[in-house]
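Asker: This is the structure I want to talk about, given as structure tokens.
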Amino acid sequence: MQWSEEALEEINKVPGFVRKMAIKAVESDAKKTGRNEITADDVHKARERYIKFAEKTPEDKNKIHIAVVRCETVSEVCPGIACFRAFNTRQQQFAQYGDNAEMIAFFTCGGCSGRRVSRLVDTLMKYDIDVVHLSSCMLLEGDYPKCPHAQQIKRNIEKKGIRVVEGTHH
Ligand code: SF4
């Protein structure tokens with residue numbers, strides 16, 4: 001598939017985390033009409049259809065952006081229902097937020113010792129993350145022991161100037 005220079009310029013404006021998906025969508029739409037060249041107009045149309053929802057809006061400035069990091073090991077048996085329930089109903093550690101809070105990410109630490117967290121928080125800072133919650137599964141003794149790295153993970157996030165809250169649904 002051939003991309004015009006203008007089309008490449010336009011696709012490079014798309015947020016990194018949806019760019020690959022956007023390229024596939026643009027090329028798929030062009031193929032359906034029997035073309036093998038992508039123009040800036042193709043990118044504009046795809047943006048309206050598939051990407052615009054993911055772009056920042058002026059209203060985002062008034063929102064509190066929240067992320068949850070949780071235990072990689074526990075994620076094999078837990079889909080995160082209690083964390084989402086607590087957030088959706090603004091209970092427990094989420095009771096402090098109003099309607100302007102938005103959960104923008106829910107990710108695992110990547111396994112001991114949780115080094116993935118720092119890289120992902122760097123990415124989230126491009127999307128104006130305000131607060132990162134350490135999930136309750138990292139902090140409570142249960143079927144799994146509590147995370148021995150939780151405090152280091154917390155310090156690593158705080159060093160970036162991001163507030164950390166300990167817990168989600170407890
Ligand atoms: S670093 Fe902590 S949260 Fe991550 S897998 Fe290990 S125990 Fe779980």
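Every chain in the structure tokens takes a letter, A first, then B, and so on in the order presented; its residues are numbered from 1, and the ligands are numbered from 1 following the presented order.
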List all protein, DNA and RNA residues that have any atom at most 7 Å from ligand 1, counting only C-alpha atoms and all ligand atoms, and write the list as number ranges by chain.

Answerer: A: 70-74, 109-114, 138, 146-150

Asker: Would you give me, as a ChimeraX atom specification, the residues in region 32-146 of chain A that DSSP reads as strand (DSSP E)?

Answerer: /A:37-38,64-70,101-108,131-134

Asker: Quick one: everything within 12 Å of region 139-145 of chain A, counting only C-alpha atoms, minus sequence neighbours fewer than 6 positions away in the same chain. Send it as a list in words.

Answerer: Val69, Arg70, Cys71, Glu72, Thr73, Val74, Ser75, Glu76, Val77, Cys78, His133, Gln151, Ile153, Lys154, Val165, Glu166, Gly167, Thr168, His169 and His170 of chain A

Asker: From the DSSP assignment of the backbone, select every residue of chain A that is helix (DSSP H, G or I), and format the answer as number ranges by chain.

Answerer: A: 5-11, 16-32, 40-54, 58-62, 74-76, 81-88, 92-94, 116-125, 136-139, 150-158

Asker: Contacts between region 17-25 of chain A and region 78-159 of chain A, please, where a residue of region 78-159 of chain A counts if it comes within 12 Å (with only C-alpha atoms); show its shortest atom pair and distance in Å to one decimal, rows by chain and ascending number, as a tab-separated table.

Answerer:
```
residue	atom	partner	partner_atom	distance
A:Leu120	CA	A:Phe17	CA	11.6
A:Thr123	CA	A:Phe17	CA	9.3
A:Leu124	CA	A:Phe17	CA	10.5
A:Lys126	CA	A:Phe17	CA	10.9
A:Tyr127	CA	A:Phe17	CA	10.7
```

Asker: Dump C-alpha atoms for the selected residues as a CSV table (one decimal), in the first residue's frame?

Answerer:
```
chain,number,residue,atom,x,y,z
A,120,LEU,CA,3.6,2.4,31.7
A,123,THR,CA,3.2,6.6,28.9
A,124,LEU,CA,0.2,7.5,31.0
A,126,LYS,CA,1.3,11.8,28.1
A,127,TYR,CA,-2.4,11.3,28.8
```

Asker: Between CA of Gly161 (chain A) and CA of Ala95 (chain A), what distance in Å does the model show, to one decimal?

Answerer: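 Distance between the two atoms: 22.4 Å.
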
Asker: Measuring atom to atom with only C-alpha atoms, identify which of A:Ile64, A:Val14, A:Ala7, A:Val121 is nearest to Ile38 (chain A).

Answerer: A:Ala7

Asker: Excluding Val68 (chain A) and its own-chain neighbours fewer than 3 positions away, which residues fall within 10 Å of it when counting only C-alpha atoms? Please give them as a PDB file with C-alpha atoms, in the first residue's frame.

Answerer:
```pdb
ATOM      1  CA  CYS A  83     -11.833  -2.985  41.452  1.00  0.00           C
ATOM      2  CA  PHE A  84     -14.241  -1.891  38.726  1.00  0.00           C
ATOM      3  CA  MET A 103     -10.411   5.359  34.805  1.00  0.00           C
ATOM      4  CA  ILE A 104      -8.071   5.557  31.838  1.00  0.00           C
ATOM      5  CA  ALA A 105      -5.903   2.473  32.462  1.00  0.00           C
ATOM      6  CA  PHE A 106      -5.962  -0.855  34.315  1.00  0.00           C
ATOM      7  CA  PHE A 107      -2.738  -2.769  33.977  1.00  0.00           C
ATOM      8  CA  THR A 108      -0.596  -5.428  35.622  1.00  0.00           C
ATOM      9  CA  CYS A 109       2.864  -4.886  37.059  1.00  0.00           C
ATOM     10  CA  VAL A 131      -3.568   9.303  40.353  1.00  0.00           C
ATOM     11  CA  VAL A 132      -2.397   5.685  40.324  1.00  0.00           C
ATOM     12  CA  HIS A 133      -4.068   3.219  42.695  1.00  0.00           C
ATOM     13  CA  LEU A 134      -2.206   0.143  43.923  1.00  0.00           C
ATOM     14  CA  SER A 135      -4.817  -2.607  43.744  1.00  0.00           C
ATOM     15  CA  SER A 136      -6.036  -4.249  46.907  1.00  0.00           C
ATOM     16  CA  VAL A 164      -0.449   7.138  44.594  1.00  0.00           C
ATOM     17  CA  VAL A 165      -3.371   5.747  46.592  1.00  0.00           C
ATOM     18  CA  GLY A 167      -5.909   0.199  47.570  1.00  0.00           C
ATOM     19  CA  THR A 168      -8.969  -0.083  45.392  1.00  0.00           C
TER      20      THR A 168
END
```

Asker: Need the shell around Ser4 (chain A): protein/DNA/RNA residues with any atom at most 12 Å away, counting only C-alpha atoms. Skip same-chain ones fewer than 6 positions apart. Format as JSON, numbers by chain?

Answerer: {"A": [10, 11, 36, 37, 38, 39, 40, 41, 42, 43]}

Asker: Any chance you could export the current selection's N, CA and C atoms as a PDB file, in the first residue's frame?

Answerer:
```pdb
ATOM      1  N   GLU A  10      -0.455  13.031   8.448  1.00  0.00           N
ATOM      2  CA  GLU A  10      -1.707  12.961   9.211  1.00  0.00           C
ATOM      3  C   GLU A  10      -1.720  11.765  10.163  1.00  0.00           C
ATOM      4  N   ILE A  11      -1.257  10.614   9.671  1.00  0.00           N
ATOM      5  CA  ILE A  11      -1.309   9.417  10.527  1.00  0.00           C
ATOM      6  C   ILE A  11      -0.357   9.567  11.711  1.00  0.00           C
ATOM      7  N   ASN A  36      -4.926   1.169  -3.990  1.00  0.00           N
ATOM      8  CA  ASN A  36      -3.715   0.801  -3.255  1.00  0.00           C
ATOM      9  C   ASN A  36      -2.882   2.030  -2.912  1.00  0.00           C
ATOM     10  N   GLU A  37      -3.545   3.210  -2.925  1.00  0.00           N
ATOM     11  CA  GLU A  37      -2.844   4.429  -2.497  1.00  0.00           C
ATOM     12  C   GLU A  37      -3.664   5.125  -1.406  1.00  0.00           C
ATOM     13  N   ILE A  38      -2.970   5.552  -0.351  1.00  0.00           N
ATOM     14  CA  ILE A  38      -3.642   6.218   0.773  1.00  0.00           C
ATOM     15  C   ILE A  38      -3.392   7.720   0.693  1.00  0.00           C
ATOM     16  N   THR A  39      -4.484   8.475   0.778  1.00  0.00           N
ATOM     17  CA  THR A  39      -4.374   9.939   0.756  1.00  0.00           C
ATOM     18  C   THR A  39      -4.685  10.503   2.148  1.00  0.00           C
ATOM     19  N   ALA A  40      -4.411  11.795   2.298  1.00  0.00           N
ATOM     20  CA  ALA A  40      -4.728  12.448   3.571  1.00  0.00           C
ATOM     21  C   ALA A  40      -6.234  12.371   3.843  1.00  0.00           C
ATOM     22  N   ASP A  41      -7.030  12.422   2.782  1.00  0.00           N
ATOM     23  CA  ASP A  41      -8.476  12.353   2.950  1.00  0.00           C
ATOM     24  C   ASP A  41      -8.900  11.007   3.557  1.00  0.00           C
ATOM     25  N   ASP A  42      -8.221   9.936   3.123  1.00  0.00           N
ATOM     26  CA  ASP A  42      -8.524   8.615   3.709  1.00  0.00           C
ATOM     27  C   ASP A  42      -8.275   8.632   5.212  1.00  0.00           C
ATOM     28  N   VAL A  43      -7.161   9.278   5.605  1.00  0.00           N
ATOM     29  CA  VAL A  43      -6.814   9.321   7.031  1.00  0.00           C
ATOM     30  C   VAL A  43      -7.853  10.141   7.790  1.00  0.00           C
TER      31      VAL A  43
END
```

Asker: Just the number, please: distance in Å from CA of Asp99 (chain A) to CA of Lys63 (chain A), one decimal.

Answerer: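 Computed distance, CA of Asp99 (chain A) to CA of Lys63 (chain A), equals 8.7 Å.
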
Asker: Just give me the gap between CA of Arg47 (chain A) and CA of Asp29 (chain A) in Å, one decimal is fine.

Answerer: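 Between CA of Arg47 (chain A) and CA of Asp29 (chain A) the gap is 11.9 Å.
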